[in-house]
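See below for structure-v1.cif, which holds mmCIF, C-alpha atoms.
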data_work
#
loop_
_atom_site.label_atom_id
_atom_site.label_comp_id
_atom_site.auth_asym_id
_atom_site.auth_seq_id
_atom_site.Cartn_x
_atom_site.Cartn_y
_atom_site.Cartn_z
CA MET Y 289 11.60 -39.26 -1.58
CA ALA Y 290 9.67 -36.19 -0.52
CA ASN Y 291 5.95 -35.79 -0.13
CA VAL Y 292 4.73 -32.79 -2.10
CA SER Y 293 1.29 -31.46 -1.15
CA PHE Y 294 -0.13 -28.10 -2.14
CA THR Y 295 -3.15 -26.46 -3.68
CA PHE Y 296 -2.79 -26.49 -7.46
CA ASN Y 297 -5.19 -24.43 -9.55
CA GLY Y 298 -7.72 -24.64 -6.72
CA GLU Y 299 -7.42 -28.38 -6.07
CA SER Y 300 -5.44 -30.24 -3.41
CA ILE Y 301 -2.71 -32.41 -4.89
CA SER Y 302 -0.23 -34.77 -3.26
CA ALA Y 303 2.55 -36.96 -4.68
CA ASN Y 304 5.87 -38.50 -3.68
CA VAL Y 305 8.85 -37.46 -5.81
CA PRO Y 306 12.64 -37.33 -5.36
CA ASP Y 307 13.69 -34.39 -3.17
CA ASN Y 308 15.60 -32.74 -6.02
CA THR Y 309 12.55 -32.52 -8.32
CA LEU Y 310 12.14 -28.98 -9.61
CA LEU Y 311 8.68 -27.47 -9.26
CA VAL Y 312 8.41 -26.99 -13.03
CA ASP Y 313 9.18 -30.68 -13.67
CA PHE Y 314 6.67 -31.67 -11.01
CA ILE Y 315 3.97 -29.58 -12.68
CA ARG Y 316 4.78 -30.81 -16.19
CA GLU Y 317 5.59 -34.46 -15.54
CA THR Y 318 3.83 -35.46 -12.32
CA LEU Y 319 0.74 -33.28 -12.67
CA GLY Y 320 0.77 -33.45 -16.48
CA LYS Y 321 0.12 -29.75 -16.98
CA THR Y 322 2.48 -28.71 -19.76
CA GLY Y 323 1.45 -25.07 -20.20
CA THR Y 324 4.35 -24.07 -17.96
CA HIS Y 325 7.46 -24.15 -20.14
CA VAL Y 326 11.19 -24.71 -19.66
CA GLY Y 327 13.12 -22.33 -21.87
CA CYS Y 328 16.61 -21.88 -20.58
CA ASP Y 329 17.55 -24.04 -17.59
CA THR Y 330 19.51 -21.13 -16.13
CA SER Y 331 16.71 -19.23 -14.36
CA GLN Y 332 16.77 -16.38 -16.84
CA CYS Y 333 14.04 -16.74 -19.45
CA GLY Y 334 10.84 -16.75 -17.39
CA ALA Y 335 8.92 -19.25 -19.58
CA CYS Y 336 8.28 -21.21 -16.35
CA VAL Y 337 6.72 -18.37 -14.36
CA ILE Y 338 3.78 -19.43 -12.20
CA HIS Y 339 2.12 -17.91 -9.15
CA ILE Y 340 2.63 -18.96 -5.56
CA ASN Y 341 0.18 -17.17 -3.28
CA SER Y 342 -0.52 -14.76 -6.20
CA GLU Y 343 3.17 -13.81 -6.56
CA SER Y 344 5.12 -14.62 -9.73
CA ILE Y 345 8.04 -16.98 -9.30
CA LYS Y 346 10.24 -19.03 -11.61
CA SER Y 347 9.18 -22.63 -11.09
CA CYS Y 348 12.51 -23.87 -12.47
CA THR Y 349 14.29 -22.24 -9.53
CA MET Y 350 12.39 -23.91 -6.74
CA LEU Y 351 12.13 -27.49 -5.60
CA ALA Y 352 8.61 -28.92 -5.71
CA VAL Y 353 8.80 -29.74 -2.01
CA MET Y 354 9.46 -26.07 -1.18
CA ALA Y 355 5.92 -25.28 -2.33
CA ASN Y 356 4.33 -27.50 0.32
CA GLY Y 357 1.24 -25.96 1.85
CA GLN Y 358 1.20 -23.06 -0.63
CA ASP Y 359 -1.37 -21.94 -3.17
CA VAL Y 360 0.11 -22.66 -6.62
CA THR Y 361 -1.41 -21.43 -9.88
CA SER Y 362 -0.20 -22.26 -13.38
CA ILE Y 363 -1.37 -20.88 -16.72
CA GLU Y 364 -4.04 -23.62 -16.80
CA GLY Y 365 -5.55 -22.14 -13.66
CA VAL Y 366 -6.10 -18.53 -14.72
CA SER Y 367 -9.15 -18.95 -16.96
CA ILE Y 368 -12.45 -18.11 -15.33
CA ASP Y 369 -15.40 -20.51 -15.98
CA ASP Y 370 -13.76 -21.82 -19.16
CA GLU Y 371 -13.38 -18.30 -20.49
CA MET Y 372 -9.95 -16.91 -21.15
CA HIS Y 373 -8.52 -14.58 -18.54
CA PRO Y 374 -8.68 -10.93 -19.72
CA MET Y 375 -4.88 -11.06 -20.00
CA GLN Y 376 -5.01 -14.10 -22.31
CA GLN Y 377 -7.80 -12.47 -24.32
CA ALA Y 378 -5.73 -9.30 -24.71
CA PHE Y 379 -2.67 -11.26 -25.89
CA HIS Y 380 -4.95 -12.94 -28.45
CA GLU Y 381 -6.47 -9.69 -29.68
CA ASN Y 382 -3.25 -7.67 -29.79
CA HIS Y 383 -1.03 -10.29 -31.39
CA GLY Y 384 0.95 -10.45 -28.14
CA LEU Y 385 2.71 -13.61 -29.23
CA GLN Y 386 4.62 -14.91 -32.20
CA CYS Y 387 5.89 -18.43 -31.58
CA GLY Y 388 4.07 -18.53 -28.23
CA PHE Y 389 6.75 -20.32 -26.22
CA CYS Y 390 7.29 -17.49 -23.73
CA THR Y 391 3.59 -16.62 -23.54
CA PRO Y 392 2.54 -18.63 -20.46
CA GLY Y 393 5.28 -16.99 -18.40
CA MET Y 394 4.55 -13.56 -19.89
CA VAL Y 395 0.86 -13.88 -19.02
CA MET Y 396 1.58 -14.99 -15.44
CA THR Y 397 4.01 -12.12 -14.84
CA ALA Y 398 1.60 -9.68 -16.49
CA ILE Y 399 -1.33 -10.74 -14.30
CA GLU Y 400 0.73 -10.10 -11.17
CA LEU Y 401 1.93 -6.75 -12.54
CA VAL Y 402 -1.58 -5.49 -13.25
CA THR Y 403 -3.12 -6.95 -10.08
CA ASN Y 404 -0.50 -5.17 -7.93
CA ASN Y 405 -0.68 -1.96 -9.95
CA PRO Y 406 -3.92 -1.49 -11.94
CA THR Y 407 -2.68 1.81 -13.41
CA VAL Y 408 0.66 0.33 -14.50
CA SER Y 409 2.51 2.55 -17.00
CA GLU Y 410 4.27 1.42 -20.16
CA GLN Y 411 7.63 2.00 -18.49
CA GLU Y 412 6.58 -0.04 -15.45
CA ILE Y 413 5.39 -2.86 -17.72
CA ARG Y 414 8.73 -2.92 -19.56
CA GLU Y 415 10.64 -2.96 -16.27
CA GLY Y 416 8.24 -5.57 -14.86
CA LEU Y 417 8.98 -7.90 -17.76
CA GLU Y 418 12.70 -7.92 -16.95
CA GLY Y 419 12.54 -11.59 -15.95
CA ASN Y 420 10.75 -12.75 -19.10
CA ILE Y 421 12.54 -13.15 -22.39
CA CYS Y 422 10.83 -13.34 -25.79
CA ARG Y 423 13.22 -14.78 -28.36
CA CYS Y 424 10.97 -13.58 -31.18
CA THR Y 425 11.58 -10.11 -29.68
CA GLY Y 426 7.85 -9.42 -29.83
CA TYR Y 427 7.92 -7.14 -26.82
CA HIS Y 428 6.05 -4.27 -28.40
CA ASN Y 429 2.78 -6.17 -28.78
CA ILE Y 430 3.26 -7.88 -25.43
CA VAL Y 431 3.37 -4.47 -23.76
CA LYS Y 432 0.36 -3.38 -25.83
CA SER Y 433 -1.54 -6.50 -24.75
CA ILE Y 434 -0.83 -5.86 -21.08
CA GLN Y 435 -1.96 -2.25 -21.38
CA ALA Y 436 -5.19 -3.41 -23.02
CA ALA Y 437 -5.75 -6.09 -20.39
CA ALA Y 438 -5.14 -3.62 -17.57
CA LYS Y 439 -8.06 -1.52 -18.79
CA VAL Y 440 -10.37 -4.56 -18.89
CA MET Y 441 -9.18 -5.85 -15.50
CA VAL Y 442 -9.84 -2.47 -13.85
CA GLU Y 443 -13.41 -2.47 -15.19
CA LYS Y 444 -14.08 -5.97 -13.84
CA MET M 148 20.93 -31.68 -10.41
CA TYR M 149 22.55 -34.23 -8.13
CA GLN M 150 20.47 -35.99 -5.53
CA THR M 151 19.89 -34.16 -2.30
CA LYS M 152 17.81 -34.49 0.84
CA TYR M 153 15.49 -31.60 1.68
CA VAL M 154 14.62 -30.82 5.28
CA ARG M 155 12.93 -27.88 6.98
CA ALA M 156 14.32 -26.44 10.20
CA THR M 157 11.93 -25.16 12.87
CA ASP M 158 14.45 -22.64 14.25
CA THR M 159 18.17 -21.86 13.97
CA ASP M 160 19.13 -24.37 16.71
CA ASP M 161 17.28 -27.07 14.79
CA ALA M 162 19.01 -25.94 11.58
CA VAL M 163 22.44 -26.27 13.23
CA THR M 164 21.69 -29.83 14.39
CA LYS M 165 20.60 -30.77 10.87
CA LEU M 166 23.62 -29.12 9.25
CA ASP M 167 26.66 -31.30 8.72
CA TYR M 168 29.72 -30.63 6.59
CA GLU M 169 27.97 -31.79 3.44
CA GLY M 170 24.81 -29.78 4.08
CA LYS M 171 23.84 -26.30 2.96
CA LEU M 172 21.40 -23.74 4.31
CA LEU M 173 18.63 -22.72 1.93
CA ALA M 174 17.16 -19.21 2.11
CA GLY M 175 15.42 -17.97 -1.06
CA GLY M 176 17.46 -20.30 -3.24
CA MET M 177 17.91 -17.74 -6.01
CA THR M 178 21.64 -18.46 -6.26
CA LEU M 179 21.90 -21.88 -4.65
CA ILE M 180 19.32 -23.67 -6.81
CA PRO M 181 20.69 -22.41 -10.17
CA THR M 182 24.16 -23.40 -8.90
CA MET M 183 22.91 -26.88 -8.03
CA LYS M 184 21.20 -27.18 -11.42
CA GLN M 185 24.56 -26.54 -13.07
CA ARG M 186 26.10 -29.15 -10.76
CA LEU M 187 28.46 -26.56 -9.35
CA ALA M 188 27.14 -27.32 -5.86
CA ASN M 189 26.29 -30.73 -4.51
CA PRO M 190 24.93 -30.46 -0.97
CA LYS M 191 23.87 -33.81 0.48
CA THR M 192 21.30 -32.03 2.62
CA LEU M 193 19.41 -28.78 2.05
CA ILE M 194 18.16 -27.18 5.26
CA ASP M 195 15.34 -24.76 4.45
CA LEU M 196 15.17 -21.79 6.83
CA ALA M 197 11.66 -20.78 5.70
CA ASP M 198 9.99 -21.81 8.97
CA CYS M 199 12.58 -20.27 11.32
CA GLY M 200 10.72 -16.98 11.77
CA LEU M 201 13.62 -14.88 10.50
CA GLU M 202 11.62 -12.44 8.37
CA GLY M 203 10.43 -8.95 9.24
CA ILE M 204 11.52 -5.31 9.36
CA LYS M 205 11.73 -3.48 12.70
CA ASP M 206 12.24 0.22 13.35
CA LEU M 207 14.34 0.44 16.53
CA GLY M 208 14.80 4.22 16.65
CA ASN M 209 18.32 4.80 15.35
CA ILE M 210 18.42 1.42 13.69
CA LEU M 211 16.45 -0.48 11.07
CA LYS M 212 16.66 -4.20 11.80
CA ILE M 213 15.89 -6.51 8.88
CA GLY M 214 15.40 -10.23 9.45
CA ALA M 215 17.65 -12.52 7.41
CA MET M 216 14.77 -14.19 5.54
CA THR M 217 13.17 -10.88 4.55
CA ARG M 218 12.72 -10.93 0.79
CA HIS M 219 13.90 -8.20 -1.57
CA VAL M 220 10.28 -7.44 -2.53
CA ASP M 221 9.45 -6.80 1.14
CA VAL M 222 12.32 -4.32 1.51
CA GLU M 223 11.44 -2.72 -1.85
CA THR M 224 7.80 -2.13 -0.85
CA SER M 225 8.21 -1.51 2.89
CA GLU M 226 6.81 1.83 4.07
CA VAL M 227 9.19 2.01 7.01
CA VAL M 228 12.24 1.40 4.77
CA ALA M 229 11.00 4.03 2.30
CA GLU M 230 10.66 6.45 5.20
CA GLU M 231 13.86 5.70 7.13
CA ILE M 232 16.48 4.46 4.62
CA PRO M 233 14.96 4.95 1.14
CA ALA M 234 18.28 4.04 -0.51
CA LEU M 235 17.83 0.47 0.76
CA ALA M 236 14.41 0.22 -0.88
CA VAL M 237 15.90 1.53 -4.12
CA LEU M 238 18.71 -1.02 -3.92
CA ALA M 239 16.27 -3.88 -3.31
CA SER M 240 14.11 -2.78 -6.26
CA LYS M 241 17.10 -3.08 -8.61
CA ILE M 242 18.07 -6.65 -7.72
CA GLY M 243 17.56 -9.22 -10.51
CA ASP M 244 13.99 -9.39 -11.79
CA ARG M 245 10.66 -9.42 -9.96
CA GLN M 246 10.62 -13.22 -9.70
CA VAL M 247 14.03 -13.14 -8.02
CA ARG M 248 12.86 -10.36 -5.70
CA ASN M 249 9.79 -12.42 -4.76
CA ARG M 250 12.04 -15.20 -3.42
CA GLY M 251 15.54 -13.87 -2.75
CA THR M 252 16.48 -12.77 0.78
CA ILE M 253 18.86 -10.28 2.34
CA GLY M 254 20.47 -12.97 4.52
CA GLY M 255 21.07 -15.23 1.54
CA SER M 256 22.59 -12.42 -0.49
CA ILE M 257 24.97 -11.36 2.26
CA ALA M 258 25.99 -14.90 3.24
CA ASN M 259 26.80 -15.69 -0.39
CA ASN M 260 28.84 -12.47 -0.80
CA ASP M 261 28.77 -12.53 -4.58
CA PRO M 262 31.27 -9.89 -5.77
CA SER M 263 28.50 -8.41 -7.95
CA ALA M 264 25.62 -8.58 -5.47
CA CYS M 265 23.98 -5.30 -4.44
CA TYR M 266 23.36 -5.76 -0.70
CA PRO M 267 27.00 -6.05 0.49
CA SER M 268 27.58 -2.42 -0.58
CA ALA M 269 24.72 -1.19 1.62
CA VAL M 270 25.86 -3.29 4.57
CA LEU M 271 29.38 -1.87 4.32
CA ALA M 272 28.46 1.76 3.58
CA LEU M 273 25.84 1.94 6.33
CA ASP M 274 28.25 0.28 8.80
CA ALA M 275 25.66 -2.37 9.57
CA THR M 276 25.91 -5.16 12.13
CA ILE M 277 25.27 -8.75 11.07
CA HIS M 278 23.54 -10.76 13.79
CA THR M 279 24.02 -14.51 13.76
CA ASN M 280 22.80 -17.32 16.00
CA SER M 281 26.01 -17.00 18.04
CA ARG M 282 27.35 -13.40 17.81
CA ASP M 283 27.26 -9.96 16.22
CA ILE M 284 29.69 -9.20 13.40
CA ALA M 285 30.61 -5.69 12.25
CA ALA M 286 30.26 -5.14 8.49
CA HIS M 287 33.98 -4.38 8.05
CA ASP M 288 34.88 -7.75 9.59
CA PHE M 289 32.21 -9.69 7.73
CA PHE M 290 33.17 -9.57 4.03
CA VAL M 291 36.43 -11.48 3.75
CA GLY M 292 36.83 -12.01 -0.01
CA MET M 293 35.07 -13.19 -3.13
CA PHE M 294 32.19 -15.46 -1.97
CA GLU M 295 33.87 -15.52 1.43
CA THR M 296 32.58 -14.22 4.76
CA ALA M 297 33.51 -14.39 8.44
CA LEU M 298 30.69 -16.87 9.03
CA GLU M 299 31.67 -20.15 10.67
CA GLU M 300 30.43 -23.43 9.18
CA ASP M 301 27.55 -23.72 11.66
CA GLU M 302 26.75 -20.02 11.89
CA ILE M 303 23.45 -18.65 10.60
CA ILE M 304 22.62 -15.01 9.90
CA THR M 305 19.44 -14.05 11.79
CA ALA M 306 19.18 -10.32 11.01
CA VAL M 307 21.06 -7.23 9.84
CA SER M 308 20.93 -3.93 11.76
CA PHE M 309 21.37 -0.79 9.68
CA PRO M 310 22.11 2.47 11.53
CA LYS M 311 20.03 5.22 9.91
CA PRO M 312 22.23 7.65 7.95
CA SER M 313 21.45 11.34 7.55
CA THR M 314 21.44 10.66 3.81
CA ALA M 315 22.32 7.78 1.50
CA ALA M 316 21.92 6.65 -2.10
CA TYR M 317 22.74 3.68 -4.30
CA SER M 318 23.70 3.95 -7.93
CA LYS M 319 24.10 0.86 -10.06
CA PHE M 320 25.34 0.18 -13.56
CA PRO M 321 23.70 -3.18 -14.23
CA ASN M 322 25.04 -5.79 -16.58
CA PRO M 323 22.47 -5.59 -19.39
CA ALA M 324 21.86 -9.34 -19.41
CA SER M 325 22.18 -10.57 -15.83
CA ARG M 326 21.23 -7.33 -14.03
CA TYR M 327 24.03 -7.98 -11.56
CA ALA M 328 26.01 -4.86 -10.75
CA MET M 329 28.83 -4.28 -13.20
CA VAL M 330 29.56 -1.50 -10.72
CA GLY M 331 27.31 -0.45 -7.86
CA VAL M 332 28.18 2.33 -5.43
CA PHE M 333 26.44 2.94 -2.12
CA VAL M 334 27.19 6.31 -0.56
CA ALA M 335 26.12 7.00 3.03
CA LYS M 336 26.61 10.15 5.07
CA GLY M 337 26.27 10.11 8.84
CA ASP M 338 29.02 10.72 11.37
CA THR M 339 31.35 10.31 8.39
CA VAL M 340 31.03 9.48 4.70
CA ARG M 341 31.30 5.88 3.54
CA VAL M 342 31.56 4.83 -0.10
CA ALA M 343 31.17 1.10 -0.72
CA VAL M 344 31.71 -0.38 -4.17
CA THR M 345 30.31 -3.68 -5.41
CA GLY M 346 30.70 -5.44 -8.75
CA ALA M 347 34.19 -4.11 -9.31
CA GLY M 348 36.59 -5.57 -6.75
CA GLU M 349 38.46 -8.83 -7.27
CA ASP M 350 37.98 -9.51 -3.56
CA GLY M 351 34.35 -8.45 -3.54
CA VAL M 352 32.85 -5.35 -1.97
CA PHE M 353 35.25 -2.63 -0.73
CA ARG M 354 35.33 0.94 0.58
CA HIS M 355 37.21 3.59 -1.37
CA GLU M 356 39.28 5.77 0.89
CA GLY M 357 40.09 8.43 -1.72
CA LEU M 358 36.45 9.01 -2.57
CA GLU M 359 35.49 9.10 1.10
CA THR M 360 38.17 11.67 1.96
CA ALA M 361 37.12 13.90 -0.93
CA LEU M 362 33.45 13.67 0.03
CA VAL M 363 34.12 14.41 3.71
CA ARG M 364 35.80 17.61 2.53
CA SER M 365 32.98 18.51 0.17
CA PHE M 366 29.86 16.37 -0.20
CA ALA M 367 29.15 17.20 -3.85
CA PRO M 368 29.39 15.30 -7.15
CA GLU M 369 32.16 17.70 -8.34
CA ALA M 370 34.35 16.63 -5.41
CA VAL M 371 34.69 13.19 -7.03
CA GLU M 372 36.31 14.59 -10.18
CA ALA M 373 39.82 15.00 -8.80
CA VAL M 374 39.95 11.58 -7.15
CA THR M 375 42.02 8.87 -8.82
CA VAL M 376 40.42 5.44 -8.91
CA SER M 377 42.99 2.82 -9.82
CA SER M 378 42.06 -0.19 -11.92
CA ASP M 379 44.47 -2.38 -9.93
CA GLU M 380 42.61 -5.21 -8.25
CA LEU M 381 39.44 -4.41 -10.18
CA ILE M 382 37.64 -7.17 -12.07
CA SER M 383 38.45 -7.28 -15.77
CA ASP M 384 36.25 -9.62 -17.79
CA MET M 385 34.24 -9.96 -21.01
CA HIS M 386 31.67 -7.49 -19.68
CA ALA M 387 34.02 -4.65 -18.78
CA ALA M 388 37.76 -4.06 -18.55
CA GLY M 389 39.27 -2.88 -15.28
CA ASP M 390 39.81 0.69 -16.46
CA PHE M 391 36.18 0.95 -17.58
CA ARG M 392 35.07 -0.30 -14.17
CA ALA M 393 37.36 2.27 -12.52
CA HIS M 394 35.65 4.96 -14.59
CA LEU M 395 32.25 3.60 -13.59
CA VAL M 396 33.18 3.69 -9.90
CA LYS M 397 33.66 7.46 -10.17
CA GLU M 398 30.58 7.97 -12.31
CA MET M 399 28.31 5.90 -10.07
CA THR M 400 29.69 7.70 -7.01
CA LYS M 401 28.85 11.05 -8.59
CA ARG M 402 25.34 9.90 -9.37
CA ALA M 403 24.85 8.49 -5.88
CA VAL M 404 26.02 11.74 -4.27
CA ALA M 405 23.74 13.72 -6.57
CA ALA M 406 20.83 11.46 -5.55
CA CYS M 407 21.47 12.08 -1.83
CA SER M 408 18.92 14.54 -0.53
#
Encoded form (structure tokens):
Amino acid sequence: MANVSFTFNGESISANVPDNTLLVDFIRETLGKTGTHVGCDTSQCGACVIHINSESIKSCTMLAVMANGQDVTSIEGVSIDDEMHPMQQAFHENHGLQCGFCTPGMVMTAIELVTNNPTVSEQEIREGLEGNICRCTGYHNIVKSIQAAAKVMVEK
Amino acid sequence: MYQTKYVRATDTDDAVTKLDYEGKLLAGGMTLIPTMKQRLANPKTLIDLADCGLEGIKDLGNILKIGAMTRHVDVETSEVVAEEIPALAVLASKIGDRQVRNRGTIGGSIANNDPSACYPSAVLALDATIHTNSRDIAAHDFFVGMFETALEEDEIITAVSFPKPSTAAYSKFPNPASRYAMVGVFVAKGDTVRVAVTGAGEDGVFRHEGLETALVRSFAPEAVEAVTVSSDELISDMHAAGDFRAHLVKEMTKRAVAACS
């Protein structure tokens, strides 16, 4: 068994789990936060994207114990004072989701994209979403949502 | 995933003592963990190198020295790499997706020697030196075959030294799904011209003598035209037949030469 201790959505958490527990399973099953999804099991789809120290990573491709001591944020941790994050709001307003399964990962990748590059272009958004797959193929409105959110995030 | 025991090494000596024949070293884990999830690898122990202090990029005059645990995103966004060997930054920016680049490392990529990985082509074309905890290995001695390197069982890559070329460029034809190189060509011009091809060879990365000879004579995209690239010993699979890959080797070489400033 491994002790897993890190900061999760601003709070310190600690639990003992088998060493081979994937970070995504730890978040969903041990911490009970199911906003982070498992879509493919082959590290391709990006439904499990979360932030570690504000960088997007695929939580299905990391062991939980590897995150020890880090600052981990899942989709549940991005809202500000119970209000949706501007990125979530923009997805809502621009119909940036169809079935919604890929959305948590899309939003997490998008927040990193815009935070690193507030003037991100459409081309850069499309390239930046390379690690996130939408099986509904709703990319057009996802890109539109991110562009809209970027404007709001720059103003804030 | 099979059961495993996870440990963190404090330095490379510590990693060696923790490493037995059923153990594996863990760098970024971007290949190893997916492989373990598919039960294609079953290490009894995983020795994480994250705390060994192997990351960082140093400008040593004629050489750029990149620590083994330096992530692709750090090479992609490094000012000193952009200044001194911009082709390396371009190469790093084209690996996988941004989540892979946020975790994957140069040492892990080279040690794995995937026949379609990007970095081996740069290491070979720039005539780099691979530093390990016990010795220095020249690039041309390092890549032995598909997923095979000159590394001993208890040997750990600590850094890679890249001599600065007068010009270099990387051109990649990515597989549309995986983003691995279907063919990637790294061209470097310094004391001579080196052309290293990844993604195409059955034995992994290789240099192409015919292309190099033609480019020494005339360093221009047109010089590639007359060179014959044989499809013998090139990978032929569902993504691309050998003769298509042979065609891509020439095309990517032309583009890389054109991109050299």
Only residues of chain M matter here; which ones have an atom within 12 Å of chain Y, counting only C-alpha atoms? Give them as a VMD selection string. chain M and resid 148 to 155 173 to 186 189 to 198 220 224 240 to 251 323 to 326
Residue members of the PyMOL selection byres ((chain M and resi 295) around 10) in the file shown, as a ChimeraX atom specification: /M:257-262,289-294,296-298,350-351
Between atom CA of Arg423 of chain Y and atom CA of Val366 of chain Y, what is the spacing in Å?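 Separation of atom CA of Val366 of chain Y and atom CA of Arg423 of chain Y: 23.9 Å.
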Among M:Glu359, M:Asp206, M:Glu169, M:Glu300, Arg341 of chain M is approached most closely, using all atoms listed in the file, by M:Glu359
Please list as a compact mmCIF listing (two decimals) with C-alpha atoms, in the coordinates of the input every residue within 8 Å of Leu235 of chain M, counting only C-alpha atoms and excluding residues in the same chain fewer than 5 positions away.
# COMPACT_ATOMS: atom_id res chain seq x y z
CA VAL M 222 12.32 -4.32 1.51
CA GLU M 223 11.44 -2.72 -1.85
CA VAL M 228 12.24 1.40 4.77
CA ALA M 229 11.00 4.03 2.30
CA ALA M 269 24.72 -1.19 1.62
CA ALA M 316 21.92 6.65 -2.10
CA TYR M 317 22.74 3.68 -4.30
Residue members of the PyMOL selection byres ((chain Y and resi 295) around 8) in the file shown, as a PyMOL selection string: chain Y and resi 293-294+296-301+357-360
Could you write out the selected residues, including C-alpha atoms, as a tab-separated table (two decimals), in the coordinates of the input?
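Written out: part.tsv:
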chain	number	residue	atom	x	y	z
Y	293	SER	CA	1.29	-31.46	-1.15
Y	294	PHE	CA	-0.13	-28.10	-2.14
Y	296	PHE	CA	-2.79	-26.49	-7.46
Y	297	ASN	CA	-5.19	-24.43	-9.55
Y	298	GLY	CA	-7.72	-24.64	-6.72
Y	299	GLU	CA	-7.42	-28.38	-6.07
Y	300	SER	CA	-5.44	-30.24	-3.41
Y	301	ILE	CA	-2.71	-32.41	-4.89
Y	357	GLY	CA	1.24	-25.96	1.85
Y	358	GLN	CA	1.20	-23.06	-0.63
Y	359	ASP	CA	-1.37	-21.94	-3.17
Y	360	VAL	CA	0.11	-22.66	-6.62
Need the axis-aligned box for segment 281-299 of chain M with 4 Å each side, so what are the centre and edges in Å to one decimal, as JSON?
{"center_x": 31.4, "center_y": -12.3, "center_z": 7.5, "size_x": 18.8, "size_y": 23.8, "size_z": 29.2}
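Residue membership of the PyMOL selection byres ((chain Y and resi 444) around 12) in the shown file amounts to Y:His373, Y:Pro374, Y:Thr403, Y:Pro406, Y:Ala437, Y:Ala438, Y:Lys439, Y:Val440, Y:Met441, Y:Val442, Y:Glu443.
Shortest atom-to-atom contact with Ala285 of chain M among M:Phe309, M:Tyr168, M:Phe333, M:Tyr266: M:Phe309, counting only C-alpha atoms.
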Could you list, as a PyMOL selection string, every residue within 9 Å of Thr400 of chain M, counting all atoms listed in the file and ignoring same-chain residues fewer than 2 positions away? chain M and resi 317-318+331-334+342+344+358+368+371+395-398+402-405
Which one is closest to Ala306 of chain M: M:Val270, M:Leu166, M:Ile213, M:Ala239? Count all atoms listed in the file.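 Nearest candidate to Ala306 of chain M out of M:Val270, M:Leu166, M:Ile213, M:Ala239: M:Ile213.
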Would you kindly return, as a ChimeraX atom specification, each protein, DNA or RNA residue with an atom no farther than 10 Å from any atom of Phe379 of chain Y, considering all atoms listed in the file and excluding same-chain residues fewer than 3 positions away? /Y:373-376,382-385,391,394-395,429-434,436-437
Can I get the selected residues back with C-alpha atoms, as a PDB file, in the frame of the given file?
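Dumped everything to selection-v3.pdb:
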ATOM      1  CA  HIS Y 373      -8.520 -14.580 -18.540  1.00  0.00           C
ATOM      2  CA  PRO Y 374      -8.680 -10.930 -19.720  1.00  0.00           C
ATOM      3  CA  MET Y 375      -4.880 -11.060 -20.000  1.00  0.00           C
ATOM      4  CA  GLN Y 376      -5.010 -14.100 -22.310  1.00  0.00           C
ATOM      5  CA  ASN Y 382      -3.250  -7.670 -29.790  1.00  0.00           C
ATOM      6  CA  HIS Y 383      -1.030 -10.290 -31.390  1.00  0.00           C
ATOM      7  CA  GLY Y 384       0.950 -10.450 -28.140  1.00  0.00           C
ATOM      8  CA  LEU Y 385       2.710 -13.610 -29.230  1.00  0.00           C
ATOM      9  CA  THR Y 391       3.590 -16.620 -23.540  1.00  0.00           C
ATOM     10  CA  MET Y 394       4.550 -13.560 -19.890  1.00  0.00           C
ATOM     11  CA  VAL Y 395       0.860 -13.880 -19.020  1.00  0.00           C
ATOM     12  CA  ASN Y 429       2.780  -6.170 -28.780  1.00  0.00           C
ATOM     13  CA  ILE Y 430       3.260  -7.880 -25.430  1.00  0.00           C
ATOM     14  CA  VAL Y 431       3.370  -4.470 -23.760  1.00  0.00           C
ATOM     15  CA  LYS Y 432       0.360  -3.380 -25.830  1.00  0.00           C
ATOM     16  CA  SER Y 433      -1.540  -6.500 -24.750  1.00  0.00           C
ATOM     17  CA  ILE Y 434      -0.830  -5.860 -21.080  1.00  0.00           C
ATOM     18  CA  ALA Y 436      -5.190  -3.410 -23.020  1.00  0.00           C
ATOM     19  CA  ALA Y 437      -5.750  -6.090 -20.390  1.00  0.00           C
TER      20      ALA Y 437
END
For Ala315 of chain M, the nearest of the candidates M:Ser408, M:Thr345, M:Asn209, M:Thr157, counting all atoms listed in the file: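 When distances to Ala315 of chain M are compared using all atoms listed in the file, the smallest one comes from M:Ser408.
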